[in-house]
Each structure stands twice: as structure tokens, then as C-alpha cells.
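So this one's my_file-v2.csv, CSV, C-alpha atoms:
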chain,number,residue,atom,x,y,z
A,1,GLN,CA,0.0,0.0,0.0
A,2,PRO,CA,1.5,3.4,-1.0
A,3,PHE,CA,2.2,6.0,1.6
A,4,PRO,CA,-0.5,8.7,2.1
A,5,ARG,CA,0.3,12.1,0.7
A,6,THR,CA,-0.8,13.9,3.8
A,7,PRO,CA,0.5,12.8,7.2
A,8,ARG,CA,-2.0,11.3,9.6
A,9,LYS,CA,-2.2,12.3,13.2
A,10,GLY,CA,1.1,11.5,15.0
A,11,MET,CA,2.9,10.9,11.7
A,12,THR,CA,5.8,13.1,10.4
A,13,MET,CA,7.0,13.7,6.9
A,14,GLY,CA,10.7,13.3,7.7
A,15,PRO,CA,13.4,15.4,9.3
A,16,SER,CA,13.0,19.1,9.4
A,17,ILE,CA,15.1,21.5,7.3
A,18,GLU,CA,16.9,22.6,10.5
A,19,LYS,CA,18.0,19.0,11.3
A,20,ILE,CA,19.2,18.4,7.8
A,21,TYR,CA,21.2,21.7,7.8
A,22,LEU,CA,22.7,20.8,11.2
A,23,ALA,CA,23.8,17.4,9.8
A,24,LYS,CA,25.4,19.2,6.9
A,25,VAL,CA,27.2,21.6,9.2
A,26,ILE,CA,28.5,18.7,11.4
A,27,ALA,CA,29.6,16.8,8.2
A,28,ALA,CA,31.5,19.9,7.0
A,29,LYS,CA,33.3,20.2,10.4
A,30,THR,CA,34.2,16.5,10.3
A,31,SER,CA,35.5,16.6,6.8
A,32,GLY,CA,37.4,19.9,7.5
A,33,SER,CA,39.1,18.2,10.5
A,34,ILE,CA,40.2,15.3,8.3
A,35,SER,CA,41.5,17.7,5.6
A,36,MET,CA,43.4,19.7,8.2
A,37,ILE,CA,45.1,16.5,9.5
A,38,GLY,CA,46.0,15.4,6.0
A,39,SER,CA,47.4,18.9,5.2
A,40,GLY,CA,49.4,18.8,8.4
A,41,PHE,CA,51.0,15.5,7.5
A,42,ILE,CA,52.0,16.8,4.1
A,43,ILE,CA,53.5,19.9,5.6
A,44,ARG,CA,55.4,17.8,8.1
A,45,ASP,CA,56.7,15.4,5.4
A,46,VAL,CA,57.9,18.3,3.2
A,47,MET,CA,59.6,20.0,6.1
A,48,LEU,CA,61.3,16.8,7.2
A,49,ARG,CA,62.5,16.2,3.7
A,50,TRP,CA,63.9,19.8,3.7
A,51,GLN,CA,65.7,19.2,7.0
A,52,ARG,CA,67.4,16.0,5.7
A,53,ARG,CA,68.9,17.9,2.8
A,54,LYS,CA,72.6,18.9,3.2
A,55,GLU,CA,73.0,22.4,4.5
A,56,HIS,CA,69.3,23.0,4.1
A,57,GLN,CA,69.5,23.5,0.4
A,58,PHE,CA,66.4,24.7,-1.4
A,59,LEU,CA,63.6,22.1,-2.0
A,60,PRO,CA,62.7,21.3,-5.6
A,61,ILE,CA,60.0,23.6,-7.0
A,62,VAL,CA,57.3,20.8,-6.9
A,63,HIS,CA,57.8,20.3,-3.2
A,64,ARG,CA,57.6,24.0,-2.6
A,65,ILE,CA,54.3,24.2,-4.6
A,66,ILE,CA,52.9,21.3,-2.7
A,67,LEU,CA,53.9,22.9,0.6
A,68,SER,CA,52.1,26.2,-0.3
A,69,MET,CA,49.0,24.3,-1.5
A,70,SER,CA,48.9,22.3,1.8
A,71,ILE,CA,49.3,25.5,3.9
A,72,ALA,CA,46.5,27.1,1.9
A,73,ASP,CA,44.3,24.0,2.4
A,74,LEU,CA,45.1,23.9,6.1
A,75,PHE,CA,43.9,27.5,6.6
A,76,THR,CA,40.9,27.0,4.4
A,77,SER,CA,39.8,23.9,6.2
A,78,CYS,CA,40.2,25.6,9.6
A,79,PHE,CA,38.5,28.9,8.9
A,80,VAL,CA,35.8,27.8,6.4
A,81,HIS,CA,34.9,24.3,7.3
A,82,ILE,CA,35.7,23.9,11.0
A,83,LEU,CA,35.0,27.5,12.2
A,84,GLY,CA,32.5,28.0,9.4
A,85,THR,CA,29.1,28.6,11.1
A,86,TRP,CA,30.7,29.7,14.5
A,87,MET,CA,31.9,32.9,12.8
A,88,VAL,CA,28.5,33.7,11.3
A,89,PRO,CA,26.4,36.4,13.2
A,90,LYS,CA,23.8,35.1,15.6
A,91,GLY,CA,20.2,35.4,14.8
A,92,ASN,CA,18.1,35.0,11.7
A,93,VAL,CA,19.8,35.3,8.3
A,94,THR,CA,17.7,36.5,5.3
A,95,MET,CA,18.7,35.1,1.9
A,96,LEU,CA,16.5,35.1,-1.2
A,97,ASP,CA,13.5,36.5,0.7
A,98,GLU,CA,13.6,33.7,3.2
A,99,SER,CA,14.6,34.0,6.8
A,100,PHE,CA,16.2,31.1,8.6
A,101,LEU,CA,18.4,30.4,11.7
A,102,ILE,CA,22.0,29.2,11.1
A,103,PRO,CA,22.8,26.4,13.5
A,104,LEU,CA,25.8,26.9,15.8
A,105,ALA,CA,26.2,30.6,14.8
A,106,ALA,CA,28.1,32.5,17.5
A,107,GLY,CA,29.9,35.3,15.7
A,108,ASN,CA,29.3,38.9,14.7
A,109,GLU,CA,29.7,41.0,11.6
A,110,THR,CA,33.5,41.4,12.1
A,111,THR,CA,34.2,37.7,12.4
A,112,CYS,CA,32.1,37.0,9.4
A,113,ASN,CA,34.0,39.6,7.3
A,114,ALA,CA,37.4,38.2,8.5
A,115,GLN,CA,36.3,34.7,7.6
A,116,ALA,CA,35.3,35.9,4.1
A,117,PHE,CA,38.7,37.6,3.6
A,118,ILE,CA,40.6,34.5,4.8
A,119,TRP,CA,38.4,32.2,2.7
A,120,ASP,CA,39.1,34.3,-0.5
A,121,LEU,CA,42.8,34.7,0.2
A,122,PHE,CA,43.6,31.0,0.9
A,123,THR,CA,41.2,29.6,-1.7
A,124,LEU,CA,42.9,31.8,-4.3
A,125,ALA,CA,46.4,30.7,-3.0
A,126,GLY,CA,45.3,27.1,-3.3
A,127,CYS,CA,44.0,27.6,-6.8
A,128,CYS,CA,47.2,29.3,-7.9
A,129,SER,CA,49.3,26.6,-6.4
A,130,ASN,CA,47.3,24.0,-8.2
A,131,ALA,CA,47.7,25.9,-11.5
A,132,MET,CA,51.5,26.2,-10.9
A,133,LEU,CA,51.7,22.4,-10.2
A,134,ALA,CA,49.8,21.6,-13.4
A,135,VAL,CA,52.3,23.7,-15.4
A,136,THR,CA,55.4,22.4,-13.7
Whole structure given in C-alpha cells:
Amino acid sequence: QPFPRTPRKGMTMGPSIEKIYLAKVIAAKTSGSISMIGSGFIIRDVMLRWQRRKEHQFLPIVHRIILSMSIADLFTSCFVHILGTWMVPKGNVTMLDESFLIPLAAGNETTCNAQAFIWDLFTLAGCCSNAMLAVT
């Protein structure tokens, strides 16, 4: 028998939009943490390789590009994915004529603007590093 189109008394139509959005926020924080750990390991490996070189000679260009890409990814993961909604101003946000509440929002306008600047800066740095790596 097919499901009824309208819910009966005591029946729900599924999770609310707020719960779905909260799950997405938690997933972003989890994947951002994993990305930060991975970037940290890459930075550590490149720096150890540099320390093993005689008289701290320069690293090959490919290693320097990977190091800059990992640093950019580390900051992007931290400020965008992990601290993402915490830096958004508290209260209702209005977008496209709809008002909704951002889960885990605890910031103010200044933290939001700082996050946007850091996001733009390190995303651009990561994209440039990726383009340089493709050309090299």
C-alpha cells in the first residue's frame, strides 16, 4: 500500500530542514578536520625532507608548490569548514527573501568579514598553487 500524501495524526513527513542543515554543518566540520590532519601530515613530510637535505638546500619547486598548497588548504579547512558557522552572526539570516536560523552561529559581523577575507585569500592561493603544479 502506498504512503499517504498527507500525514496522519502523529505521523511526520521526515526530518525538518533545521535538522538536515545541522547534519550538513557537522559533516563539514568533520571533513574539514580530516582535511586539516592530512594537510598537516603533508607539511610535516615536506619540512622533514627539507631538514634532511645537506646544508638546508632549497627544495625542488614541486615540493615548494605542494607545501604552499597544503598551507592554503590547512587554513581554508580551519576557517571555512571547521569554524564556518561559528563565525556567522547570531540570529536569523535572510537570503532570497527567506529568513532562517543558522545552527551553531556564534559570531558577529566582524568575524564574518574576517572569515570571508581568509576564505578568499587562501582559496585563491590554493587555486594558484594547483595551476602552478599543473604547469610544472
**OP:** Place a sphere of radius 12 Å on (50.3, 26.1, -7.9) in the file coordinates and name every protein, DNA or RNA residue with an atom inside or on its surface, counting all atoms listed in the file; give the answer as a ChimeraX atom specification.
**Re:** /A:61-72,123-136
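Neighbours of A:Thr76 closer than or equal to 10 Å, with only C-alpha atoms counted and sequence neighbours fewer than 6 positions away skipped, come out as Gly32, Ser35, Met36, Ser70, Ile82, Leu83, Gly84, Gln115, Ile118, Trp119, Asp120, Leu121, Phe122, Thr123, Ala125 and Gly126 of chain A.
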Subject >> Atomic distance atom CA of A:Val25 - atom CA of A:Asp97, expressed in Å with one decimal >> reply: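 Atom CA of A:Val25 sits 22.0 Å away from atom CA of A:Asp97.
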Original post:
For the atom pair atom CA of A:Arg52 and atom CA of A:Ile34, what is the interatomic distance in Å to one decimal place?
Top reply: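 That distance, rounded to one decimal, is 27.3 Å.
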**OP:** Would you work out the distance separating atom CA of A:Ile20 from atom CA of A:Val88, expressed in Å to one decimal?
**Re:**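 Atom CA of A:Val88 lies at a distance of 18.2 Å from atom CA of A:Ile20.
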**OP:** Find the spatial neighbours of A:Lys24, counting all atoms listed in the file, within a cut-off of 12 Å - ignore same-chain residues fewer than 3 positions away - and output them as a list in words.
**Re:**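 The contact residues come out as Ile17, Glu18, Lys19, Ile20, Tyr21, Ala27, Ala28, Lys29, Thr30, Ser31, His81, Gly84, Thr85, Ile102, Pro103 and Leu104 of chain A.
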**OP:** Point out the residue among A:Asp73, A:Leu22, A:Lys54, A:Arg49 with the least atom-to-atom distance to A:Leu101, counting only C-alpha atoms.
**Re:** A:Leu22
Subject >> Nearby residues (only C-alpha atoms) at most 9 Å from A:Thr110, same-chain spacing under 3 positions excluded, as number ranges by chain >> reply: A: 87, 89, 107, 113-115
How would stretch 87-109 of chain A read, as a short mmCIF file (atom, residue, chain, number, x, y, z; two decimals), keeping the file's coordinate frame, once N, CA, C and O atoms are built in?
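Contents of selection.cif, freshly written:
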data_model
loop_
_atom_site.label_atom_id
_atom_site.label_comp_id
_atom_site.auth_asym_id
_atom_site.auth_seq_id
_atom_site.Cartn_x
_atom_site.Cartn_y
_atom_site.Cartn_z
N MET A 87 31.52 31.51 13.05
CA MET A 87 31.90 32.90 12.80
C MET A 87 30.75 33.70 12.15
O MET A 87 30.88 34.90 11.95
N VAL A 88 29.65 33.06 11.85
CA VAL A 88 28.50 33.70 11.30
C VAL A 88 27.72 34.45 12.40
O VAL A 88 27.62 33.94 13.51
N PRO A 89 27.18 35.64 12.13
CA PRO A 89 26.40 36.40 13.20
C PRO A 89 25.25 35.57 13.70
O PRO A 89 24.58 34.85 12.96
N LYS A 90 25.01 35.71 15.01
CA LYS A 90 23.80 35.10 15.60
C LYS A 90 22.56 35.65 15.08
O LYS A 90 22.53 36.78 14.61
N GLY A 91 21.51 34.88 15.19
CA GLY A 91 20.20 35.40 14.80
C GLY A 91 19.79 34.86 13.43
O GLY A 91 20.44 34.03 12.82
N ASN A 92 18.67 35.39 12.95
CA ASN A 92 18.10 35.00 11.70
C ASN A 92 18.91 35.60 10.52
O ASN A 92 19.29 36.77 10.58
N VAL A 93 19.12 34.84 9.47
CA VAL A 93 19.80 35.30 8.30
C VAL A 93 18.74 35.31 7.16
O VAL A 93 17.97 34.37 7.01
N THR A 94 18.69 36.40 6.40
CA THR A 94 17.70 36.50 5.30
C THR A 94 18.47 36.36 3.99
O THR A 94 19.38 37.14 3.69
N MET A 95 18.09 35.34 3.22
CA MET A 95 18.70 35.10 1.90
C MET A 95 17.52 34.77 0.95
O MET A 95 16.70 33.91 1.27
N LEU A 96 17.49 35.41 -0.20
CA LEU A 96 16.50 35.10 -1.20
C LEU A 96 15.08 35.22 -0.65
O LEU A 96 14.24 34.34 -0.87
N ASP A 97 14.82 36.26 0.10
CA ASP A 97 13.50 36.50 0.70
C ASP A 97 13.04 35.48 1.68
O ASP A 97 11.86 35.37 1.94
N GLU A 98 13.96 34.66 2.19
CA GLU A 98 13.60 33.70 3.20
C GLU A 98 14.49 33.93 4.42
O GLU A 98 15.67 34.19 4.31
N SER A 99 13.89 33.83 5.60
CA SER A 99 14.60 34.00 6.80
C SER A 99 14.79 32.69 7.54
O SER A 99 13.83 31.95 7.68
N PHE A 100 16.01 32.38 7.93
CA PHE A 100 16.20 31.10 8.60
C PHE A 100 17.36 31.31 9.64
O PHE A 100 18.14 32.24 9.58
N LEU A 101 17.43 30.37 10.57
CA LEU A 101 18.40 30.40 11.70
C LEU A 101 19.57 29.48 11.30
O LEU A 101 19.38 28.34 10.91
N ILE A 102 20.80 30.01 11.41
CA ILE A 102 22.00 29.20 11.10
C ILE A 102 22.36 28.44 12.39
O ILE A 102 22.57 29.03 13.43
N PRO A 103 22.48 27.12 12.32
CA PRO A 103 22.80 26.40 13.50
C PRO A 103 24.28 26.62 13.93
O PRO A 103 25.15 26.79 13.08
N LEU A 104 24.53 26.69 15.21
CA LEU A 104 25.80 26.90 15.80
C LEU A 104 26.45 28.25 15.52
O LEU A 104 27.65 28.44 15.68
N ALA A 105 25.66 29.22 15.08
CA ALA A 105 26.20 30.60 14.80
C ALA A 105 26.47 31.26 16.13
O ALA A 105 25.64 31.26 17.04
N ALA A 106 27.67 31.85 16.24
CA ALA A 106 28.10 32.50 17.50
C ALA A 106 28.87 33.76 17.24
O ALA A 106 29.36 34.35 18.19
N GLY A 107 29.05 34.18 16.02
CA GLY A 107 29.90 35.30 15.70
C GLY A 107 29.22 36.63 15.62
O GLY A 107 28.11 36.80 16.10
N ASN A 108 29.89 37.56 14.98
CA ASN A 108 29.30 38.90 14.70
C ASN A 108 29.74 39.29 13.29
O ASN A 108 30.36 38.51 12.57
N GLU A 109 29.43 40.50 12.93
CA GLU A 109 29.70 41.00 11.60
C GLU A 109 31.22 40.98 11.27
O GLU A 109 31.65 40.65 10.17
#
